[in-house]
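**Student:** So here's protein.txt, just compact mmCIF, C-alpha atoms:
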```
# COMPACT_ATOMS: atom_id res chain seq x y z
CA MET A 180 13.38 22.52 -44.58
CA ILE A 181 10.55 24.17 -42.65
CA LEU A 182 8.44 21.02 -42.89
CA LEU A 183 11.38 18.94 -41.70
CA GLY A 184 11.84 21.28 -38.75
CA LEU A 185 8.14 21.07 -37.85
CA ALA A 186 8.23 17.29 -38.10
CA LEU A 187 11.24 17.20 -35.77
CA VAL A 188 9.48 19.45 -33.24
CA VAL A 189 6.36 17.27 -33.34
CA ALA A 190 8.46 14.11 -32.92
CA VAL A 191 10.34 15.55 -29.96
CA ALA A 192 7.09 16.78 -28.34
CA TYR A 193 5.40 13.41 -28.80
CA THR A 194 8.45 11.59 -27.40
CA ALA A 195 8.45 13.93 -24.40
CA LEU A 196 4.74 13.24 -23.90
CA ILE A 197 5.42 9.51 -23.76
CA VAL A 198 8.40 9.93 -21.43
CA PHE A 199 6.54 12.17 -18.98
CA SER A 200 3.30 10.16 -19.01
CA PRO A 201 2.79 8.20 -15.77
CA SER A 202 2.43 4.43 -15.82
CA SER A 203 -0.16 2.60 -13.76
CA PRO A 204 1.31 0.46 -10.95
CA THR A 205 0.51 -3.24 -10.71
CA PRO A 206 -1.42 -3.73 -7.46
CA THR A 207 -0.38 -6.52 -5.11
CA ALA A 208 -2.82 -8.95 -3.53
CA SER A 209 -2.39 -7.37 -0.09
CA GLU A 210 -3.44 -3.96 -1.41
CA SER A 211 -6.93 -5.30 -2.05
CA THR A 212 -7.33 -6.09 1.64
CA CYS A 213 -7.66 -4.02 4.80
CA ARG A 214 -7.42 -4.16 8.57
CA SER A 215 -9.84 -2.53 10.98
CA SER A 216 -10.53 -2.10 14.70
CA SER A 217 -12.41 -5.41 14.72
CA SER A 218 -9.63 -7.24 12.85
CA PRO A 219 -6.31 -5.44 13.49
CA THR A 220 -4.19 -8.45 12.55
CA THR A 221 -6.49 -10.14 10.03
CA TYR A 222 -6.65 -8.84 6.48
CA GLU A 223 -10.15 -8.73 5.03
CA PRO A 224 -11.01 -8.30 1.33
CA LEU A 225 -12.05 -4.89 0.06
CA PRO A 226 -15.06 -4.45 -2.26
CA SER A 227 -14.83 -3.28 -5.85
CA LEU A 228 -16.32 0.09 -6.78
CA THR A 229 -17.22 -1.06 -10.27
CA ASP A 230 -18.41 -4.59 -9.48
CA SER A 231 -20.10 -4.26 -6.08
CA LYS A 232 -23.22 -2.48 -4.85
CA ALA A 233 -23.07 0.06 -2.05
CA THR A 234 -23.27 -1.40 1.46
CA VAL A 235 -22.95 1.82 3.50
CA GLU A 236 -24.32 5.33 3.01
CA LEU A 237 -20.95 7.09 2.98
CA SER A 238 -17.31 6.23 2.38
CA VAL A 239 -14.61 8.68 3.46
CA VAL A 240 -11.34 8.02 1.64
CA VAL A 241 -8.31 9.52 3.39
CA PRO A 242 -4.93 9.39 1.60
CA ALA A 243 -2.15 9.35 4.18
CA TYR A 244 1.60 9.54 3.67
CA ASN A 245 3.68 9.97 6.85
CA GLU A 246 0.66 11.42 8.66
CA ARG A 247 1.00 9.90 12.14
CA ALA A 248 1.25 13.38 13.70
CA ARG A 249 -1.81 14.92 11.99
CA LEU A 250 -4.19 12.02 11.36
CA GLY A 251 -5.68 11.84 14.87
CA ILE A 252 -7.29 15.29 14.87
CA MET A 253 -8.89 14.81 11.47
CA LEU A 254 -10.11 11.27 12.18
CA ARG A 255 -11.60 12.07 15.59
CA ASP A 256 -13.44 15.10 14.16
CA ALA A 257 -14.78 13.10 11.20
CA VAL A 258 -16.03 10.17 13.27
CA ALA A 259 -17.58 12.44 15.92
CA TYR A 260 -19.53 14.28 13.21
CA LEU A 261 -20.73 11.09 11.54
CA GLU A 262 -21.68 9.43 14.84
CA GLU A 263 -23.59 12.46 16.16
CA LEU A 264 -25.36 13.29 12.92
CA PRO A 265 -29.13 13.14 13.59
CA LEU A 266 -30.94 10.26 11.93
CA ASP A 267 -34.50 11.37 11.21
CA GLY A 268 -37.47 9.09 10.92
CA GLU A 269 -38.76 7.90 7.59
CA GLY A 270 -40.48 10.49 5.43
CA SER A 271 -38.71 13.78 5.89
CA SER A 272 -35.58 15.34 7.33
CA ALA A 273 -35.42 17.71 10.29
CA GLY A 274 -35.70 20.65 7.88
CA GLY A 275 -38.86 19.25 6.28
CA GLU A 276 -37.10 18.19 3.07
CA PRO A 277 -37.51 14.64 1.72
CA LEU A 278 -34.99 12.21 3.14
CA ARG A 279 -32.02 11.32 0.94
CA ARG A 280 -32.85 8.28 -1.12
CA LEU A 281 -30.75 5.22 -0.44
CA PRO A 282 -30.45 1.89 -2.26
CA VAL A 283 -32.23 -1.09 -0.74
CA GLY A 284 -30.18 -2.61 2.08
CA VAL A 285 -28.11 0.50 2.87
CA ALA A 286 -28.68 1.69 6.45
CA ARG A 287 -29.14 5.39 7.02
CA GLY A 288 -26.12 6.83 8.84
CA SER A 289 -23.86 3.88 8.05
CA TYR A 290 -20.32 4.78 6.95
CA GLU A 291 -16.73 3.68 6.58
CA VAL A 292 -13.52 5.66 6.83
CA LEU A 293 -10.92 4.10 4.52
CA ILE A 294 -7.42 5.29 5.35
CA VAL A 295 -5.01 4.59 2.50
CA ASP A 296 -1.48 4.43 3.88
CA ASP A 297 0.62 5.41 0.88
CA GLY A 298 3.83 3.53 1.71
CA SER A 299 4.50 5.63 4.81
CA LYS A 300 7.81 5.37 6.68
CA ASP A 301 6.60 6.69 10.03
CA GLY A 302 4.15 3.97 11.10
CA THR A 303 1.03 5.77 9.88
CA ALA A 304 -0.86 2.47 9.45
CA ASP A 305 -0.18 1.40 13.06
CA VAL A 306 -1.28 4.80 14.37
CA ALA A 307 -4.44 4.57 12.24
CA LEU A 308 -5.28 1.16 13.70
CA ASP A 309 -4.73 2.44 17.24
CA LEU A 310 -7.10 5.32 16.46
CA ALA A 311 -9.62 2.88 14.99
CA ARG A 312 -9.63 0.87 18.24
CA GLU A 313 -9.91 4.03 20.33
CA LEU A 314 -12.86 5.32 18.33
CA SER A 315 -14.62 1.98 18.40
CA GLU A 316 -14.40 1.93 22.20
CA THR A 317 -15.53 5.56 22.43
CA TRP A 318 -18.62 5.19 20.27
CA SER A 319 -19.65 1.63 21.18
CA LYS A 320 -20.96 1.65 24.72
CA GLY A 321 -23.70 -0.50 26.18
CA ALA A 322 -26.48 -1.09 23.69
CA ARG A 323 -25.14 1.59 21.37
CA LYS A 324 -22.97 0.34 18.55
CA MET A 325 -20.70 2.46 16.39
CA ARG A 326 -22.48 3.32 13.14
CA GLY A 327 -19.38 2.94 11.03
CA VAL A 328 -15.98 1.35 10.81
CA VAL A 329 -12.45 2.64 10.30
CA LYS A 330 -10.45 0.59 7.80
CA VAL A 331 -6.76 0.79 6.95
CA VAL A 332 -5.28 -0.34 3.64
CA SER A 333 -1.50 -0.29 3.18
CA LEU A 334 0.08 0.30 -0.22
CA VAL A 335 3.38 -1.51 -0.68
CA ARG A 336 5.02 1.43 -2.46
CA ASN A 337 4.30 5.14 -2.46
CA ARG A 338 2.01 6.06 -5.37
CA GLY A 339 1.47 9.75 -4.71
CA LYS A 340 -1.70 11.47 -3.56
CA GLY A 341 -3.58 10.82 -6.80
CA GLY A 342 -2.63 7.15 -6.82
CA SER A 343 -3.66 6.59 -3.21
CA VAL A 344 -6.98 8.43 -3.62
CA LYS A 345 -7.74 6.41 -6.75
CA HIS A 346 -6.96 3.15 -4.94
CA GLY A 347 -9.25 4.06 -2.06
CA MET A 348 -12.06 5.17 -4.35
CA LEU A 349 -11.88 1.96 -6.37
CA HIS A 350 -12.40 -0.03 -3.17
CA ALA A 351 -15.03 2.13 -1.48
CA ALA A 352 -18.33 0.64 -0.32
CA GLY A 353 -20.31 3.88 -0.02
CA HIS A 354 -23.44 5.10 -1.80
CA ARG A 355 -21.64 8.44 -1.77
CA ILE A 356 -17.88 8.78 -1.50
CA LEU A 357 -15.93 11.67 -0.04
CA PHE A 358 -12.20 12.05 -0.22
CA ALA A 359 -10.72 14.21 2.50
CA ASP A 360 -7.14 15.20 3.24
CA ALA A 361 -5.56 13.77 6.39
CA ASP A 362 -4.38 17.14 7.69
CA GLY A 363 -7.84 18.24 8.86
CA ALA A 364 -7.57 21.63 7.14
CA SER A 365 -11.15 21.34 5.84
CA HIS A 366 -13.92 21.73 8.44
CA PHE A 367 -15.39 18.22 8.33
CA PRO A 368 -18.94 19.18 9.43
CA ASP A 369 -19.15 21.21 6.21
CA LEU A 370 -19.72 17.84 4.58
CA GLY A 371 -23.36 18.69 5.27
CA LEU A 372 -23.12 21.57 2.77
CA LEU A 373 -21.73 19.24 0.10
CA GLN A 374 -24.42 16.65 0.83
CA ALA A 375 -27.17 19.27 0.51
CA GLU A 376 -25.85 20.37 -2.89
CA MET A 377 -25.60 16.74 -4.01
CA ASP A 378 -29.18 16.17 -2.83
CA ARG A 379 -30.32 19.01 -5.10
CA LEU A 380 -28.48 17.47 -8.04
CA GLU A 381 -29.93 14.03 -7.45
CA VAL A 382 -33.52 15.24 -7.02
CA SER A 383 -33.48 16.54 -10.58
CA GLN A 384 -32.25 13.15 -11.83
CA SER A 385 -34.58 10.84 -9.89
CA ALA A 386 -37.67 10.94 -12.13
CA GLU A 387 -36.30 8.31 -14.50
CA ALA A 388 -35.42 6.05 -11.57
CA ASP A 389 -38.95 6.44 -10.23
CA ALA A 390 -40.30 5.27 -13.58
CA LYS A 391 -38.05 2.21 -13.46
CA GLY A 392 -38.85 1.50 -9.83
CA HIS A 393 -35.32 1.51 -8.42
CA TRP A 394 -32.64 3.96 -7.29
CA THR A 395 -28.89 3.38 -7.11
CA GLY A 396 -27.87 7.03 -7.22
CA GLY A 397 -27.50 9.78 -9.78
CA HIS A 398 -24.41 11.51 -11.13
CA GLY A 399 -22.51 14.37 -9.57
CA VAL A 400 -19.24 15.66 -8.10
CA VAL A 401 -19.45 18.39 -5.46
CA VAL A 402 -16.23 20.21 -4.66
CA GLY A 403 -15.42 21.88 -1.36
CA SER A 404 -13.95 25.28 -2.13
CA ARG A 405 -11.73 27.92 -0.53
CA ALA A 406 -12.30 30.43 -3.32
CA HIS A 407 -14.50 32.58 -1.06
CA LEU A 408 -11.56 32.93 1.36
CA VAL A 409 -9.28 34.75 -1.10
CA ARG A 410 -9.64 38.07 0.72
CA THR A 411 -9.75 36.66 4.24
CA GLU A 412 -6.97 36.62 6.81
CA ALA A 413 -6.33 32.89 6.26
CA VAL A 414 -5.14 33.58 2.71
CA VAL A 415 -3.88 37.15 3.03
CA LYS A 416 -1.33 36.00 5.65
CA ARG A 417 0.21 33.58 3.17
CA SER A 418 3.52 34.58 1.65
CA PHE A 419 3.55 36.73 -1.48
CA SER A 420 5.18 33.90 -3.47
CA ARG A 421 2.52 31.38 -2.41
CA ASN A 422 -0.35 33.67 -3.39
CA LEU A 423 1.37 34.60 -6.66
CA LEU A 424 1.86 30.96 -7.62
CA MET A 425 -1.77 30.24 -6.73
CA ARG A 426 -3.00 33.00 -9.08
CA LEU A 427 -0.66 31.92 -11.88
CA PHE A 428 -1.84 28.33 -11.52
CA HIS A 429 -5.51 29.33 -11.74
CA THR A 430 -4.76 31.40 -14.85
CA TYR A 431 -2.95 28.42 -16.36
CA LEU A 432 -5.94 26.16 -15.65
CA TYR A 433 -8.26 28.66 -17.30
CA VAL A 434 -6.13 28.78 -20.43
CA LEU A 435 -6.11 24.98 -20.63
CA GLY A 436 -9.89 24.81 -20.36
CA ILE A 437 -10.69 24.02 -16.70
CA ARG A 438 -12.95 26.97 -15.94
CA SER A 439 -16.11 25.92 -14.13
CA ILE A 440 -14.42 25.28 -10.74
CA ARG A 441 -12.44 28.08 -9.09
CA ASP A 442 -10.70 25.92 -6.46
CA THR A 443 -9.62 22.65 -8.04
CA GLN A 444 -7.14 21.61 -5.34
CA CYS A 445 -9.18 21.60 -2.12
CA GLY A 446 -8.97 18.12 -0.60
CA PHE A 447 -12.68 17.75 0.12
CA LYS A 448 -14.71 16.33 -2.78
CA LEU A 449 -17.95 14.34 -2.70
CA HIS A 450 -19.00 11.91 -5.44
CA THR A 451 -22.01 9.76 -6.12
CA ARG A 452 -21.10 6.11 -6.52
CA PRO A 453 -22.08 5.97 -10.22
CA SER A 454 -19.92 9.03 -10.97
CA ALA A 455 -16.91 7.69 -9.08
CA ALA A 456 -17.23 4.36 -10.91
CA HIS A 457 -17.52 6.21 -14.21
CA ILE A 458 -14.46 8.44 -13.73
CA TYR A 459 -11.85 6.91 -11.44
CA PRO A 460 -10.92 3.85 -13.52
CA PHE A 461 -9.72 6.32 -16.20
CA LEU A 462 -7.56 8.49 -13.93
CA HIS A 463 -3.83 8.37 -14.64
CA SER A 464 -2.15 11.12 -12.65
CA PRO A 465 -0.55 9.88 -9.42
CA ALA A 466 0.42 13.35 -8.19
CA TRP A 467 -1.29 16.48 -6.81
CA ILE A 468 -2.67 17.41 -10.23
CA PHE A 469 -5.08 14.46 -10.19
CA ASP A 470 -7.88 16.78 -8.98
CA CYS A 471 -7.68 18.63 -12.29
CA GLU A 472 -7.80 15.40 -14.28
CA LEU A 473 -10.82 14.32 -12.23
CA LEU A 474 -12.71 17.52 -13.05
CA LEU A 475 -11.60 17.38 -16.68
CA LEU A 476 -12.97 13.83 -17.06
CA ALA A 477 -16.22 14.76 -15.33
CA GLY A 478 -16.67 17.54 -17.88
CA LEU A 479 -15.80 15.27 -20.81
CA ALA A 480 -18.40 12.76 -19.58
CA GLY A 481 -21.12 15.36 -18.99
CA ILE A 482 -21.23 14.69 -15.25
CA PRO A 483 -22.43 17.71 -13.24
CA THR A 484 -19.85 19.41 -11.01
CA ARG A 485 -20.70 21.99 -8.38
CA GLU A 486 -18.59 24.11 -6.03
CA VAL A 487 -19.51 24.83 -2.40
CA GLY A 488 -17.64 27.15 -0.04
CA ILE A 489 -16.35 25.52 3.15
CA ALA A 490 -14.44 26.61 6.24
CA TRP A 491 -10.73 25.93 6.00
CA LYS A 492 -7.57 26.62 7.98
CA GLU A 493 -3.84 26.45 7.32
CA VAL A 494 -2.26 23.41 8.99
CA GLU A 495 1.45 23.02 9.64
CA GLY A 496 3.31 20.07 8.15
CA SER A 497 2.50 20.54 4.46
CA LYS A 498 4.59 18.33 2.18
CA VAL A 499 4.19 20.69 -0.80
CA ASP A 500 7.32 22.40 -2.12
CA LEU A 501 5.83 25.49 -3.75
CA VAL A 502 8.30 26.00 -6.57
CA ARG A 503 9.10 22.37 -7.35
CA ASP A 504 5.51 21.14 -7.16
CA SER A 505 4.13 24.13 -9.09
CA ILE A 506 6.48 23.37 -11.98
CA ARG A 507 5.65 19.68 -11.77
CA MET A 508 1.90 20.39 -11.78
CA ALA A 509 2.25 22.64 -14.82
CA VAL A 510 4.10 19.91 -16.72
CA ASP A 511 1.68 17.21 -15.53
CA LEU A 512 -1.34 19.20 -16.69
CA LEU A 513 0.17 19.59 -20.17
CA VAL A 514 0.82 15.84 -20.23
CA ILE A 515 -2.78 15.13 -19.20
CA ARG A 516 -4.22 17.46 -21.81
CA GLY A 517 -1.89 16.15 -24.50
CA ASN A 518 -2.72 12.50 -23.88
CA TYR A 519 -6.47 13.10 -24.07
CA LEU A 520 -6.28 15.40 -27.08
CA LEU A 521 -4.13 12.92 -29.02
CA GLY A 522 -6.24 9.94 -27.98
CA ARG A 523 -3.44 8.13 -26.14
CA TRP A 524 -5.65 7.89 -23.05
CA GLN A 525 -9.20 6.61 -23.18
CA LYS A 526 -11.99 8.92 -22.05
CA PRO A 527 -15.11 7.84 -20.14
CA ILE A 528 -18.21 7.61 -22.29
CA TRP A 529 -20.57 10.58 -22.42
CA VAL A 530 -23.50 10.36 -19.99
CA GLY A 531 -24.85 13.88 -20.62
CA VAL A 532 -26.67 14.27 -17.30
CA VAL A 533 -29.49 16.81 -17.12
CA ALA A 534 -29.44 18.58 -13.75
CA ASP A 535 -31.25 21.73 -12.61
CA GLY A 536 -32.88 22.00 -16.03
CA SER A 537 -29.55 22.16 -17.85
CA ARG A 538 -27.37 19.67 -19.64
CA GLU A 539 -23.77 19.50 -18.51
CA GLY A 540 -21.20 20.69 -21.08
CA ALA A 541 -17.81 19.32 -22.02
CA ALA A 542 -16.02 21.67 -19.64
CA GLY A 543 -18.16 20.67 -16.68
CA GLY A 544 -20.39 23.72 -16.92
CA LYS A 545 -24.01 24.02 -17.96
CA LYS A 546 -25.68 24.16 -21.34
CA ASP A 547 -29.27 25.35 -21.44
CA GLU A 548 -31.73 22.86 -22.78
```
Could you spell out this file's structure in structure tokens?
**Tutor:**
Amino acid sequence: MILLGLALVVAVAYTALIVFSPSSPTPTASESTCRSSSSPTTYEPLPSLTDSKATVELSVVVPAYNERARLGIMLRDAVAYLEELPLDGEGSSAGGEPLRRLPVGVARGSYEVLIVDDGSKDGTADVALDLARELSETWSKGARKMRGVVKVVSLVRNRGKGGSVKHGMLHAAGHRILFADADGASHFPDLGLLQAEMDRLEVSQSAEADAKGHWTGGHGVVVGSRAHLVRTEAVVKRSFSRNLLMRLFHTYLYVLGIRSIRDTQCGFKLHTRPSAAHIYPFLHSPAWIFDCELLLLAGLAGIPTREVGIAWKEVEGSKVDLVRDSIRMAVDLLVIRGNYLLGRWQKPIWVGVVADGSREGAAGGKKDE
């Protein structure tokens, strides 16, 4: 009788796992194309992350759902930073450090901002195109040409934040790829802090590339973090319920094995192209919890993850329902863990990167050599 009861419990749990597991949408032909300031009415094909080489130094993927009111501030700040970023001569940076290595044919300072309109109902794509034209006119004057381009891809149906980020990442052209939230809560110039940490990771991986005579990028994911702000006014002023749910969620993550990153949910994460190509095809979660799946897969593949504190501010207009989305994230994380533990979802192969003299462990942390 006990065995029968256990078998029934297992059967119900497995059935629930199947029912709650997300299914991957079938992309339409139009979703593999984009519009830009230079072609606002003509759809141009997007590259493939896994099949194409990098053509620009940086891609910035911005998921946007009903963001016409908030997108402008974030986009203007991002483009201004990228356009005004000093480009040093060959040999060394302004600080005397070696210049970041780039693949052959990738221009220093080149970038793209890929706005992924996630089935918005408020005309977000049209606003994004208007902003793209405005920024092109602002930064292209006389002999000076804009270093980058703003692209807009429109998803036919809403996929959720995870689904829209994944779509943008899979069609990014950058040597490094950042995803950034559309609300502008993260201080965009702090990208420099993430880049510096990624530079340190890549330096320790470049010896093998030197021996082979080529460089397409190392492995790494650098996470912008608000963990250092826990005791600051920005967080203290939050409601008691919001802070309580945040602490409970972090405890829950720790119990389920995601321990190397204190702030998993900050929408400001930088990836090398090889790491993005190694992880994102395996992502399943279409919702807010996708950040946790991303970090889990990086750990399972032995890809180094690092956390860097950034400036951050609360922005009005959040679409998160604290209670509903907290419950949903808790269930989604169990589903993610269950699918990988039971082998229903394929994991990326182990790359076991050695960085900073240590080999990355299965939880994304370090193991001493």
**Student:** So that I can see what lies close to stretch 231-243 of chain A, please list as a PyMOL selection string the residues with an atom at most 8 Å from it, counting all atoms listed in the file and leaving out residues fewer than 5 positions away in the same chain.
**Tutor:** chain A and resi 226+250+281-282+284-297+299+303+340+343-344+347-348+351-361+452
**Student:** Rounded to one decimal place, report the atom CA of A:Ala480-atom CA of A:Val198 distance in Å.
**Tutor:**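 If I compute the distance from atom CA of A:Ala480 to atom CA of A:Val198, I get 27.0 Å.
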**Student:** Using only C-alpha atoms for the distances, tell me which of A:Gln525, A:Ser404, A:Gln444, A:Gln384 is nearest to A:His463.
**Tutor:**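 Among the listed residues, A:Gln525 lies closest to A:His463.
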**Student:** For the atom pair atom CA of A:Val331 and atom CA of A:Ala490, what is the interatomic distance in Å to one decimal place?
**Tutor:** 26.9 Å
**Student:** Which value, in Å to one decimal, gives the distance between atom CA of A:Arg279 and atom CA of A:Gly488?
**Tutor:**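 Separation between atom CA of A:Arg279 and atom CA of A:Gly488: 21.4 Å.
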**Student:** Between A:Thr430, A:Ser227, A:Gln374, A:Ser217, which residue has the minimum interatomic distance to A:Asp442, considering only C-alpha atoms?
**Tutor:**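 Nearest candidate to A:Asp442 out of A:Thr430, A:Ser227, A:Gln374, A:Ser217: A:Thr430.
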**Student:** Would you mind telling me which residue in A:Val494, A:Lys526, A:Trp467, A:Arg326 lies nearest to A:Asp511 when using only C-alpha atoms?
**Tutor:**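 Closest to A:Asp511, using only C-alpha atoms: A:Trp467.
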**Student:** Which of these, A:Val189, A:Leu521, A:Val328, A:Ala208, has the shortest distance to A:Leu310 once you count all atoms listed in the file?
**Tutor:**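 Closest to A:Leu310 of all the choices is A:Val328.
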**Student:** Skipping near chain neighbours, those fewer than 4 positions away, what residues fall within 9 Å of A:His366 using all atoms listed in the file, listed as number ranges by chain?
**Tutor:** A: 256, 370, 489-492
**Student:** Please determine, counting all atoms listed in the file, which residue among A:Glu246, A:Glu486, A:Asp305, A:Asp230 has the shortest atom-to-atom distance to A:Ala456.
**Tutor:**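 For A:Ala456, the nearest of the candidates is A:Asp230.
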**Student:** Rank A:Leu520, A:Ile468, A:Val530, A:Ala477 by their smallest atom-to-atom distance to A:Gly341, using only C-alpha atoms, and report the top residue only.
**Tutor:**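 Smallest distance to A:Gly341 is found for A:Ile468.
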**Student:** Which residues, written as an NGL selection string, have at least one atom at most 10 Å from A:Leu432, with all atoms listed in the file counted and residues fewer than 4 positions away on the same chain left out?
**Tutor:** :A and (426-428 or 436-438 or 440-441 or 443 or 471 or 509 or 512)
**Student:** Starting from the point (-12.5, 7.7, -13.0), work out which residues of protein, DNA or RNA have an atom no more than 10 Å away when counting only C-alpha atoms; state them as a ChimeraX atom specification.
**Tutor:** /A:345,348-349,454-463,472-474,476-477,526-527
